[in-house]
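Coordinates from entry.csv are shown below (CSV, C-alpha atoms and all ligand atoms).
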chain,number,residue,atom,x,y,z
C,1,MET,CA,135.5,65.7,116.7
C,2,VAL,CA,135.1,62.0,116.1
C,3,ALA,CA,137.0,60.3,113.3
C,4,ASP,CA,135.3,59.7,110.0
C,5,THR,CA,133.9,56.2,110.0
C,6,ARG,CA,134.6,55.7,106.3
C,7,SER,CA,138.3,55.7,106.8
C,8,MET,CA,138.2,53.2,109.6
C,9,TYR,CA,140.1,50.0,109.3
C,10,THR,CA,138.2,46.7,109.2
C,11,VAL,CA,139.9,43.3,109.4
C,12,PRO,CA,139.7,41.7,105.9
C,13,LYS,CA,139.0,38.0,105.3
C,14,LEU,CA,142.1,36.1,104.1
C,15,ASP,CA,142.2,33.7,101.2
C,16,ASP,CA,145.9,33.5,100.9
C,17,TYR,CA,147.8,32.3,104.0
C,18,SER,CA,151.3,32.5,102.4
C,19,PRO,CA,153.9,34.3,104.5
C,20,ALA,CA,154.0,37.0,101.8
C,21,ALA,CA,150.2,37.6,101.9
C,22,LEU,CA,150.3,37.6,105.7
C,23,ASP,CA,153.1,40.2,105.8
C,24,GLN,CA,151.1,42.3,103.4
C,25,ALA,CA,147.9,42.1,105.5
C,26,ALA,CA,149.9,42.9,108.7
C,27,ARG,CA,151.5,46.0,107.1
C,28,GLU,CA,148.1,47.2,106.0
C,29,LEU,CA,146.7,46.8,109.5
C,30,LYS,CA,149.7,48.5,111.1
C,31,SER,CA,149.6,51.5,108.8
C,32,ALA,CA,145.9,51.9,109.1
C,33,LEU,CA,146.1,51.9,112.8
C,34,GLU,CA,149.0,54.2,113.0
C,35,SER,CA,147.2,56.8,110.9
C,36,GLU,CA,144.0,56.4,112.9
C,37,SER,CA,145.8,56.8,116.1
C,38,ALA,CA,147.8,59.8,114.9
C,39,ALA,CA,144.5,61.5,114.0
C,40,ILE,CA,143.2,61.3,117.5
C,41,ALA,CA,143.1,64.7,119.4
C,42,VAL,CA,140.6,64.3,122.2
C,43,GLU,CA,139.6,61.7,124.7
C,44,ALA,CA,136.2,60.9,123.1
C,45,GLU,CA,138.0,59.9,119.9
C,46,TRP,CA,140.5,57.9,121.8
C,47,LYS,CA,137.7,55.9,123.5
C,48,LEU,CA,136.1,55.1,120.2
C,49,LEU,CA,139.3,53.7,118.8
C,50,ARG,CA,140.0,51.7,122.0
C,51,ASP,CA,136.5,50.2,122.0
C,52,ARG,CA,136.7,49.4,118.3
C,53,CYS,CA,139.9,47.6,118.8
C,54,MET,CA,139.3,45.9,122.1
C,55,ALA,CA,135.5,45.1,122.1
C,56,ARG,CA,134.9,41.4,122.8
C,57,LYS,CA,132.3,41.4,120.1
C,58,ASN,CA,133.6,42.4,116.7
C,59,GLY,CA,136.6,44.4,118.0
C,60,VAL,CA,139.7,44.4,115.8
C,61,LEU,CA,141.4,41.9,118.1
C,62,THR,CA,138.5,39.6,118.2
C,63,GLN,CA,138.2,39.8,114.4
C,64,LEU,CA,141.9,38.9,114.0
C,65,ASN,CA,141.1,35.8,116.1
C,66,ASP,CA,138.0,34.9,114.2
C,67,GLN,CA,138.9,35.9,110.6
C,68,TRP,CA,142.5,35.1,110.5
C,69,LEU,CA,143.4,32.5,113.1
C,70,LYS,CA,140.3,30.4,113.3
C,71,ALA,CA,139.8,30.5,109.6
C,72,ALA,CA,143.4,29.5,108.8
C,73,PRO,CA,144.0,26.0,107.4
C,74,ALA,CA,145.7,23.7,109.8
C,75,PRO,CA,149.2,23.9,108.4
C,76,ALA,CA,149.3,27.7,108.6
C,77,LYS,CA,147.8,28.0,112.1
C,78,ARG,CA,151.0,28.1,114.0
C,79,ASP,CA,152.5,30.9,111.8
C,80,VAL,CA,149.2,32.8,111.8
C,81,GLY,CA,148.9,32.4,115.6
C,82,GLN,CA,152.4,34.0,116.1
C,83,ARG,CA,151.6,36.9,113.8
C,84,VAL,CA,148.2,37.6,115.4
C,85,ASN,CA,149.9,37.7,118.8
C,86,GLU,CA,152.4,40.2,117.6
C,87,LEU,CA,149.7,42.3,115.9
C,88,LYS,CA,147.7,42.3,119.2
C,89,LYS,CA,150.7,43.8,120.9
C,90,ILE,CA,151.1,46.5,118.2
C,91,VAL,CA,147.4,47.4,118.4
C,92,GLU,CA,147.6,47.8,122.2
C,93,GLU,CA,150.8,49.9,121.9
C,94,GLN,CA,149.2,52.2,119.4
C,95,ILE,CA,146.2,52.7,121.7
C,96,ASP,CA,148.4,53.4,124.7
C,97,ALA,CA,150.6,55.8,122.7
C,98,ALA,CA,147.5,57.7,121.5
C,99,LEU,CA,146.3,58.2,125.1
C,100,THR,CA,149.7,59.4,126.3
C,101,ARG,CA,149.9,61.9,123.5
C,102,ILE,CA,146.4,63.4,124.0
C,103,SER,CA,146.8,63.6,127.8
C,104,SER,CA,150.0,65.5,127.6
C,105,ALA,CA,148.6,67.7,124.9
C,106,SER,CA,145.6,68.5,127.0
C,107,LEU,CA,147.7,69.1,130.1
C,108,ALA,CA,149.8,71.5,128.1
C,109,SER,CA,146.8,73.4,126.8
C,110,ARG,CA,145.3,73.5,130.4
C,111,LEU,CA,148.5,74.8,131.7
C,112,ASP,CA,148.4,77.4,129.0
C,113,SER,CA,144.9,78.6,129.7
C,114,GLU,CA,144.8,78.2,133.5
C,115,GLY,CA,148.4,79.4,134.0
C,116,ILE,CA,148.9,81.8,136.9
C,117,ASP,CA,151.1,84.8,136.5
C,118,VAL,CA,152.7,85.0,139.9
C,119,THR,CA,154.1,88.4,139.2
C,120,LEU,CA,150.6,90.0,139.0
C,121,PRO,CA,149.6,91.9,142.2
C,122,GLY,CA,147.3,89.8,144.5
C,123,THR,CA,143.8,90.6,145.6
C,124,ARG,CA,144.1,93.0,148.5
C,125,ARG,CA,141.8,92.7,151.5
C,126,LYS,CA,140.5,96.0,152.8
C,127,LEU,CA,142.3,96.9,156.0
C,128,GLY,CA,140.0,97.1,159.0
C,129,VAL,CA,139.8,100.2,161.2
C,130,GLU,CA,139.5,100.8,164.9
C,131,HIS,CA,135.9,100.7,166.1
C,132,PRO,CA,134.9,104.4,166.8
C,133,LEU,CA,134.3,103.6,170.5
C,134,ILE,CA,137.8,102.0,170.9
C,135,ARG,CA,139.2,104.9,169.0
C,136,THR,CA,137.7,107.4,171.3
C,137,MET,CA,138.8,105.4,174.3
C,138,ASN,CA,142.3,105.2,173.0
C,139,GLU,CA,142.3,108.9,172.3
C,140,ILE,CA,141.3,109.7,175.8
C,141,VAL,CA,143.9,107.3,177.3
C,142,SER,CA,146.7,108.7,175.2
C,143,VAL,CA,145.9,112.3,176.2
C,144,PHE,CA,146.5,111.2,179.8
C,145,LYS,CA,149.5,109.0,179.0
C,146,ALA,CA,151.1,112.1,177.5
C,147,MET,CA,150.6,113.8,180.9
C,148,GLY,CA,152.5,110.9,182.6
C,149,TYR,CA,149.6,108.7,183.6
C,150,SER,CA,150.0,104.9,183.4
C,151,VAL,CA,147.2,102.6,182.3
C,152,ALA,CA,145.5,100.2,184.7
C,153,GLU,CA,142.6,97.7,184.3
C,154,GLY,CA,140.4,95.7,186.6
C,155,PRO,CA,137.8,92.9,186.5
C,156,GLU,CA,134.3,93.3,185.1
C,157,VAL,CA,132.9,90.9,187.6
C,158,GLU,CA,133.6,92.7,190.8
C,159,THR,CA,132.8,92.3,194.5
C,160,ASP,CA,130.4,94.5,196.4
C,161,TYR,CA,133.4,95.7,198.4
C,162,TYR,CA,135.4,97.2,195.5
C,163,ASN,CA,132.4,98.4,193.5
C,164,PHE,CA,130.6,100.1,196.5
C,165,GLU,CA,131.8,99.8,200.1
C,166,SER,CA,135.4,100.9,199.7
C,167,LEU,CA,134.2,103.8,197.5
C,168,ASN,CA,132.3,105.0,200.5
C,169,PHE,CA,128.9,103.6,199.5
C,170,PRO,CA,128.0,101.9,202.9
C,171,PRO,CA,125.6,98.9,202.8
C,172,ASN,CA,122.0,100.1,202.4
C,173,HIS,CA,123.1,103.7,201.7
C,174,PRO,CA,120.7,105.4,199.2
C,175,ALA,CA,123.7,106.5,197.0
C,176,ARG,CA,123.8,102.9,195.8
C,177,ASP,CA,120.4,103.5,194.2
C,178,THR,CA,122.0,105.8,191.6
C,179,GLN,CA,123.6,102.8,189.9
C,180,ASP,CA,121.2,100.1,188.7
C,181,THR,CA,123.3,97.1,189.5
C,182,LEU,CA,123.3,93.6,188.0
C,183,ILE,CA,124.0,91.1,190.8
C,184,VAL,CA,125.3,87.6,190.3
C,185,ALA,CA,122.6,85.2,191.5
C,186,GLY,CA,122.8,82.6,194.3
C,187,GLN,CA,125.2,84.3,196.8
C,188,GLN,CA,122.9,84.9,199.8
C,189,ASN,CA,125.1,82.9,202.1
C,190,LYS,CA,128.2,85.1,201.4
C,191,ALA,CA,129.0,88.2,203.4
C,192,LEU,CA,127.7,91.3,201.5
C,193,ARG,CA,131.2,92.6,200.7
C,194,GLU,CA,132.2,89.4,199.0
C,195,ARG,CA,129.1,89.1,196.8
C,196,LEU,CA,129.8,89.4,193.1
C,197,LEU,CA,128.2,91.9,190.7
C,198,MET,CA,128.9,93.3,187.3
C,199,ARG,CA,130.9,96.5,188.0
C,200,THR,CA,128.7,99.6,187.5
C,201,HIS,CA,131.7,101.9,187.0
C,202,THR,CA,135.5,101.8,186.6
C,203,SER,CA,136.0,103.4,190.0
C,204,PRO,CA,136.8,100.1,191.8
C,205,VAL,CA,140.1,100.1,189.9
C,206,GLN,CA,141.0,103.2,191.9
C,207,ILE,CA,140.9,101.0,195.0
C,208,ARG,CA,142.7,98.1,193.4
C,209,THR,CA,145.5,100.4,192.2
C,210,MET,CA,146.0,102.1,195.6
C,211,GLU,CA,146.0,98.7,197.3
C,212,ARG,CA,148.9,97.6,195.1
C,213,GLN,CA,151.1,100.6,195.4
C,214,PRO,CA,152.0,103.5,197.7
C,215,PRO,CA,151.6,107.1,196.4
C,216,PRO,CA,152.4,108.9,194.1
C,217,VAL,CA,149.6,107.4,191.8
C,218,ARG,CA,148.7,108.6,188.4
C,219,VAL,CA,146.5,106.1,186.5
C,220,ILE,CA,144.1,106.1,183.7
C,221,VAL,CA,141.6,103.2,183.6
C,222,PRO,CA,139.7,102.3,180.4
C,223,GLY,CA,137.0,99.6,180.7
C,224,LYS,CA,133.6,98.1,180.2
C,225,VAL,CA,130.8,98.6,182.8
C,226,HIS,CA,127.3,97.2,183.3
C,227,ARG,CA,124.0,98.5,184.5
C,228,ALA,CA,120.5,97.2,184.6
C,229,ASP,CA,119.3,99.6,182.0
C,230,THR,CA,117.0,98.9,179.1
C,231,ALA,CA,118.6,99.5,175.7
C,232,ASP,CA,117.3,102.5,173.8
C,233,ALA,CA,118.8,105.4,171.7
C,234,THR,CA,120.6,106.8,174.7
C,235,HIS,CA,121.1,103.8,177.1
C,236,SER,CA,122.9,100.5,176.9
C,237,PRO,CA,123.2,98.0,179.7
C,238,ILE,CA,126.9,97.6,178.7
C,239,PHE,CA,129.0,100.7,178.1
C,240,HIS,CA,132.5,102.1,178.6
C,241,GLN,CA,134.2,104.5,180.9
C,242,VAL,CA,137.6,106.0,181.4
C,243,GLU,CA,138.5,106.6,185.0
C,244,GLY,CA,141.4,108.7,186.3
C,245,LEU,CA,143.2,109.0,189.7
C,246,ALA,CA,146.1,111.1,190.9
C,247,VAL,CA,147.3,110.9,194.5
C,248,ASP,CA,150.4,112.7,195.9
C,249,THR,CA,151.4,115.2,198.5
C,250,ASN,CA,149.9,118.6,197.9
C,251,ILE,CA,147.4,117.8,195.2
C,252,THR,CA,144.7,120.4,195.2
C,253,PHE,CA,141.5,121.2,193.4
C,254,ARG,CA,143.6,123.5,191.1
C,255,ASP,CA,145.5,120.4,189.9
C,256,LEU,CA,142.2,118.8,189.1
C,257,LYS,CA,140.9,121.8,187.2
C,258,GLY,CA,144.2,122.3,185.3
C,259,THR,CA,144.6,118.7,184.3
C,260,LEU,CA,141.0,118.3,183.1
C,261,ASP,CA,141.0,121.6,181.3
C,262,GLN,CA,144.2,120.6,179.5
C,263,ALA,CA,142.6,117.2,178.6
C,264,ALA,CA,139.4,118.7,177.3
C,265,LYS,CA,141.4,121.0,175.0
C,266,ALA,CA,143.4,118.1,173.7
C,267,MET,CA,140.3,116.1,173.1
C,268,PHE,CA,137.9,118.7,171.7
C,269,GLY,CA,140.1,121.5,170.4
C,270,ALA,CA,142.2,124.3,171.9
C,271,SER,CA,139.4,126.9,171.9
C,272,VAL,CA,137.2,124.8,174.2
C,273,ARG,CA,136.6,126.3,177.7
C,274,THR,CA,135.7,124.3,180.8
C,275,ARG,CA,133.6,125.0,183.9
C,276,PHE,CA,132.9,123.0,187.0
C,277,TYR,CA,129.6,122.5,188.7
C,278,PRO,CA,129.0,121.3,192.2
C,279,SER,CA,127.9,117.6,192.2
C,280,PHE,CA,127.9,114.6,194.5
C,281,PHE,CA,129.8,111.3,194.5
C,282,PRO,CA,130.3,109.3,197.7
C,283,PHE,CA,134.0,108.8,197.0
C,284,THR,CA,134.9,112.4,196.3
C,285,GLU,CA,134.6,115.5,198.5
C,286,PRO,CA,134.0,118.0,197.1
C,287,SER,CA,132.6,116.7,193.8
C,288,ALA,CA,132.2,118.5,190.5
C,289,ASP,CA,130.8,117.8,187.1
C,290,MET,CA,132.9,119.3,184.3
C,291,GLN,CA,131.2,121.0,181.4
C,292,ILE,CA,132.9,122.2,178.2
C,293,SER,CA,131.9,125.1,176.1
C,294,CYS,CA,130.0,123.7,173.1
C,295,PHE,CA,132.4,122.9,170.3
C,296,LYS,CA,129.7,123.2,167.7
C,297,CYS,CA,128.4,126.7,168.4
C,298,GLY,CA,131.4,127.9,170.4
C,299,GLY,CA,129.4,128.4,173.5
C,300,SER,CA,126.8,130.9,172.2
C,301,GLY,CA,124.0,128.3,172.0
C,302,ARG,CA,123.2,129.5,168.5
C,303,LEU,CA,124.2,128.5,165.0
C,304,ASP,CA,123.6,130.5,161.7
C,305,SER,CA,120.8,128.0,161.1
C,306,GLY,CA,119.2,128.7,164.5
C,307,ARG,CA,119.3,127.0,167.9
C,308,CYS,CA,122.3,124.7,168.5
C,309,GLY,CA,121.1,121.1,169.0
C,310,MET,CA,124.5,119.9,170.3
C,311,CYS,CA,124.2,121.8,173.6
C,312,LYS,CA,120.4,122.3,173.5
C,313,ALA,CA,121.1,126.0,173.2
C,314,SER,CA,122.8,126.2,176.6
C,315,GLY,CA,126.3,126.7,175.2
C,316,TRP,CA,127.7,124.0,177.6
C,317,ILE,CA,128.0,120.2,177.4
C,318,GLU,CA,128.6,118.0,180.5
C,319,ILE,CA,131.5,115.7,180.0
C,320,LEU,CA,132.6,114.0,183.2
C,321,GLY,CA,132.3,113.6,187.0
C,322,SER,CA,135.2,114.4,189.2
C,323,GLY,CA,136.3,115.5,192.7
C,324,MET,CA,138.9,115.4,195.4
C,325,VAL,CA,139.3,111.8,196.8
C,326,ASP,CA,137.3,111.5,200.0
C,327,PRO,CA,139.6,110.8,203.0
C,328,ASN,CA,137.3,107.8,203.9
C,329,VAL,CA,138.5,106.2,200.6
C,330,PHE,CA,142.1,106.6,201.7
C,331,GLY,CA,141.1,104.9,204.9
C,332,PHE,CA,140.0,101.8,203.0
C,333,VAL,CA,143.4,101.4,201.3
C,334,GLY,CA,145.6,102.5,204.2
C,335,TYR,CA,146.8,105.8,202.7
C,336,ASP,CA,147.5,108.5,205.3
C,337,ALA,CA,144.8,111.1,204.5
C,338,ARG,CA,146.8,113.8,206.5
C,339,LYS,CA,149.8,113.3,204.3
C,340,TYR,CA,148.2,112.7,200.9
C,341,SER,CA,145.5,114.1,198.8
C,342,GLY,CA,144.2,113.4,195.3
C,343,PHE,CA,141.6,113.9,192.6
C,344,ALA,CA,139.6,111.5,190.6
C,345,PHE,CA,137.4,111.7,187.5
C,346,GLY,CA,135.3,109.4,185.4
C,347,MET,CA,133.8,109.8,181.9
C,348,GLY,CA,131.5,107.9,179.6
C,349,VAL,CA,133.2,106.9,176.4
C,350,GLU,CA,130.0,106.4,174.4
C,351,ARG,CA,128.8,109.9,175.4
C,352,ILE,CA,132.1,111.5,174.3
C,353,SER,CA,132.2,109.5,171.0
C,354,ILE,CA,128.6,110.4,170.3
C,355,LEU,CA,129.4,114.1,170.8
C,356,LYS,CA,132.6,114.0,168.8
C,357,TYR,CA,131.1,112.2,165.8
C,358,GLY,CA,127.5,113.4,165.9
C,359,ILE,CA,126.1,109.9,166.3
C,360,ASP,CA,122.4,109.9,167.1
C,361,ASP,CA,121.8,106.4,168.5
C,362,ILE,CA,124.1,104.6,171.0
C,363,GLN,CA,123.0,101.2,169.6
C,364,LEU,CA,124.9,101.9,166.4
C,365,PHE,CA,128.1,101.2,168.4
C,366,TYR,CA,127.1,97.6,169.1
C,367,GLN,CA,125.3,96.5,165.9
C,368,GLY,CA,128.4,95.8,163.8
C,369,ASP,CA,126.7,97.4,160.7
C,370,VAL,CA,129.5,98.0,158.2
C,371,ARG,CA,127.6,101.0,156.7
C,372,PHE,CA,128.1,102.7,160.1
C,373,LEU,CA,131.6,101.4,160.7
C,374,GLU,CA,133.1,102.2,157.3
C,375,GLN,CA,132.4,105.9,157.9
C,376,PHE,CA,135.3,105.8,160.3
C,377,ALA,CA,137.7,104.2,157.8
L,401,LIG,N1,132.0,106.5,188.9
L,401,LIG,C1,131.1,107.6,188.5
L,401,LIG,C2,129.9,107.1,187.7
L,401,LIG,O1,130.0,106.0,187.1
L,401,LIG,C3,131.9,108.6,187.6
L,401,LIG,C4,132.9,109.3,188.5
L,401,LIG,C5,132.6,110.5,189.1
L,401,LIG,C6,134.2,108.8,188.6
L,401,LIG,C7,133.5,111.2,189.9
L,401,LIG,C8,135.1,109.5,189.4
L,401,LIG,C9,134.8,110.7,190.0
L,401,LIG,O2,136.3,109.0,189.6
L,401,LIG,O3,135.7,111.3,190.8
L,401,LIG,O4,128.9,107.7,187.7
Show me, as structure tokens, the structure contained in the file I just sent.
Ligand code: DAH
Amino acid sequence: MVADTRSMYTVPKLDDYSPAALDQAARELKSALESESAAIAVEAEWKLLRDRCMARKNGVLTQLNDQWLKAAPAPAKRDVGQRVNELKKIVEEQIDAALTRISSASLASRLDSEGIDVTLPGTRRKLGVEHPLIRTMNEIVSVFKAMGYSVAEGPEVETDYYNFESLNFPPNHPARDTQDTLIVAGQQNKALRERLLMRTHTSPVQIRTMERQPPPVRVIVPGKVHRADTADATHSPIFHQVEGLAVDTNITFRDLKGTLDQAAKAMFGASVRTRFYPSFFPFTEPSADMQISCFKCGGSGRLDSGRCGMCKASGWIEILGSGMVDPNVFGFVGYDARKYSGFAFGMGVERISILKYGIDDIQLFYQGDVRFLEQFA
């Protein structure tokens, strides 16, 4: 709102320069200005007043000079000059006062409208959840921790010696072909056993653990592994495993079976049964794959709706590889194979997570799509 121009003060011409007439004219100017200044509510109005008073051309101050001082007869000039100076001060004070008043009023109203109630509850961020893969890995690890195993880890960039040779894969042995290895380039001048590669399994941590400590050993090893595989719905060049190793006096295949049966029940439910199938791994002898009875159809291979897709109607699902530690492996770490025996096992975390949660594409684990991830919240 801008002040009504009709009520605006203009500097009158003076005919009478007597002190009484000058007093009267000064009073009129003061009271006009006071009421104009008091009517100002917003900055735009204040600017108009300021410009009208201060403008070089025709501003109130200029007019005082021109109409009063310059027009004054010589004998009155001195007196008029003093009065004009005082009036100038008053005009400036009125303008300043108006500005102070409207800025504190607008601050007060801003504080009113923009005020924050600090007692209101804040905006809560949704809490994140464990990634399904990490969750599965932690679940597996805690099952074994509860049985007295401690956790060990090892490097992902590994030497040929730890990944293969000490696990009884001799150089050029065809067993190496079962793991499509990613080799670090430019190492032709190193001895084979020192050459670096991305570890293809968590088994090298068995060796690293035994090198560090004498028996008894009970370790569980979660970790990331790498293979030269093309990504598709069931393959990923980077995936995860959990490895286990127990070494002591008098460890037998019955300990292996009992431990892994117990773990399978803890992971998949108490009604799950296990069975062991002959297999081959260079670092275990004998070796066995463990299967569990299908937790979806209960092992019958059939559902009310027809054939069970989970176990492909076989009633059994393969879960891990295992075996009794090969005496050659003990030879590499300086354990006395006549005194000690042990068992080892390794399982794929993705596979177990896929089975547990009914996930149909391994790539979902790595894409970071919240629509997938929030289903685990
Ligand atoms: N390292 C094997 C693999 O990646 C899995 C495995 C099998 C680990 C048997 C073991 C074991 O410790 O005893 O295929």
Problem - Counting all atoms listed in the file, the residue of C:Met347, C:Val333, C:Ile183, C:Leu61 that sits nearest Pro214 of chain C - result: C:Val333
Exercise for the section: Residues within 10 Å of ligand LIG 401 (chain L), counting only C-alpha atoms and all ligand atoms: report them as a PyMOL selection string. Expected result: chain C and resi 163+167+178-179+199-206+221+225-227+240-245+279-290+320-326+342-348
Practice task
Could you check which of C:Leu260, C:Arg176, C:Tyr149, C:Ala191 is closest to Arg218 of chain C, using all atoms listed in the file?
Solution key: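 Looking at the shortest contact to Arg218 of chain C, the residue is C:Tyr149.
Residue nearest Leu364 of chain C within the list C:Arg101, C:Ser236, C:Trp68, C:Ser142: C:Ser236 [criterion: smallest interatomic distance, all atoms listed in the file].
Atom CA of Tyr335 of chain C is positioned 25.0 Å from atom CA of Arg195 of chain C.
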Completion exercise
Ala21 of chain C proximity check over C:Met210, C:Ala76, C:Trp46, C:Asp229, using only C-alpha atoms: winner is C:Ala76
Exercise for the section: Anything within 12 Å of (124.8, 97.2, 168.5): list those residues as a PyMOL selection string, counting only C-alpha atoms and sticking to the file's coordinates. Expected result: chain C and resi 131+133+231-233+235-239+361-370+372-373
Handout entry: One-decimal distance in Å that lies between atom CA of Gln375 of chain C and atom CA of Arg124 of chain C
Key =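 Between atom CA of Arg124 of chain C and atom CA of Gln375 of chain C the gap is 19.8 Å.
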Fill in the blank from the handout: Pairwise distance, atom CA of Ser293 of chain C with atom CA of Trp316 of chain C, equals 4.6 Å
Practice task
Please provide as a ChimeraX atom specification all residues within 10 Å of Asp79 of chain C, with the sequence filter that same-chain residues fewer than 2 positions apart are discarded (counting all atoms listed in the file).
Solution key: /C:17-19,22,69,72,75-77,81-84
Practice task
Around the point (150.3, 117.7, 200.0), in the coordinates given by the file, pick out the residues reaching within 9 Å, counting all atoms listed in the file, and return them as a ChimeraX atom specification.
Solution key: /C:248-252,338-342
Applying 9 Å and all atoms listed in the file, which residues near Val272 of chain C remain after dropping the ones on its own chain fewer than 3 positions away? List them as a PDB file with C-alpha atoms, in the coordinates of the input.
ATOM      1  CA  ASP C 261     141.000 121.600 181.300  1.00  0.00           C
ATOM      2  CA  ALA C 264     139.400 118.700 177.300  1.00  0.00           C
ATOM      3  CA  LYS C 265     141.400 121.000 175.000  1.00  0.00           C
ATOM      4  CA  PHE C 268     137.900 118.700 171.700  1.00  0.00           C
ATOM      5  CA  GLY C 269     140.100 121.500 170.400  1.00  0.00           C
ATOM      6  CA  ILE C 292     132.900 122.200 178.200  1.00  0.00           C
ATOM      7  CA  SER C 293     131.900 125.100 176.100  1.00  0.00           C
ATOM      8  CA  CYS C 294     130.000 123.700 173.100  1.00  0.00           C
ATOM      9  CA  PHE C 295     132.400 122.900 170.300  1.00  0.00           C
ATOM     10  CA  GLY C 298     131.400 127.900 170.400  1.00  0.00           C
ATOM     11  CA  GLY C 299     129.400 128.400 173.500  1.00  0.00           C
TER      12      GLY C 299
END
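Using only C-alpha atoms, the nearest neighbour of Arg52 of chain C within the list C:Ser106, C:Thr10, C:Ser113, C:Gln24 is C:Thr10.
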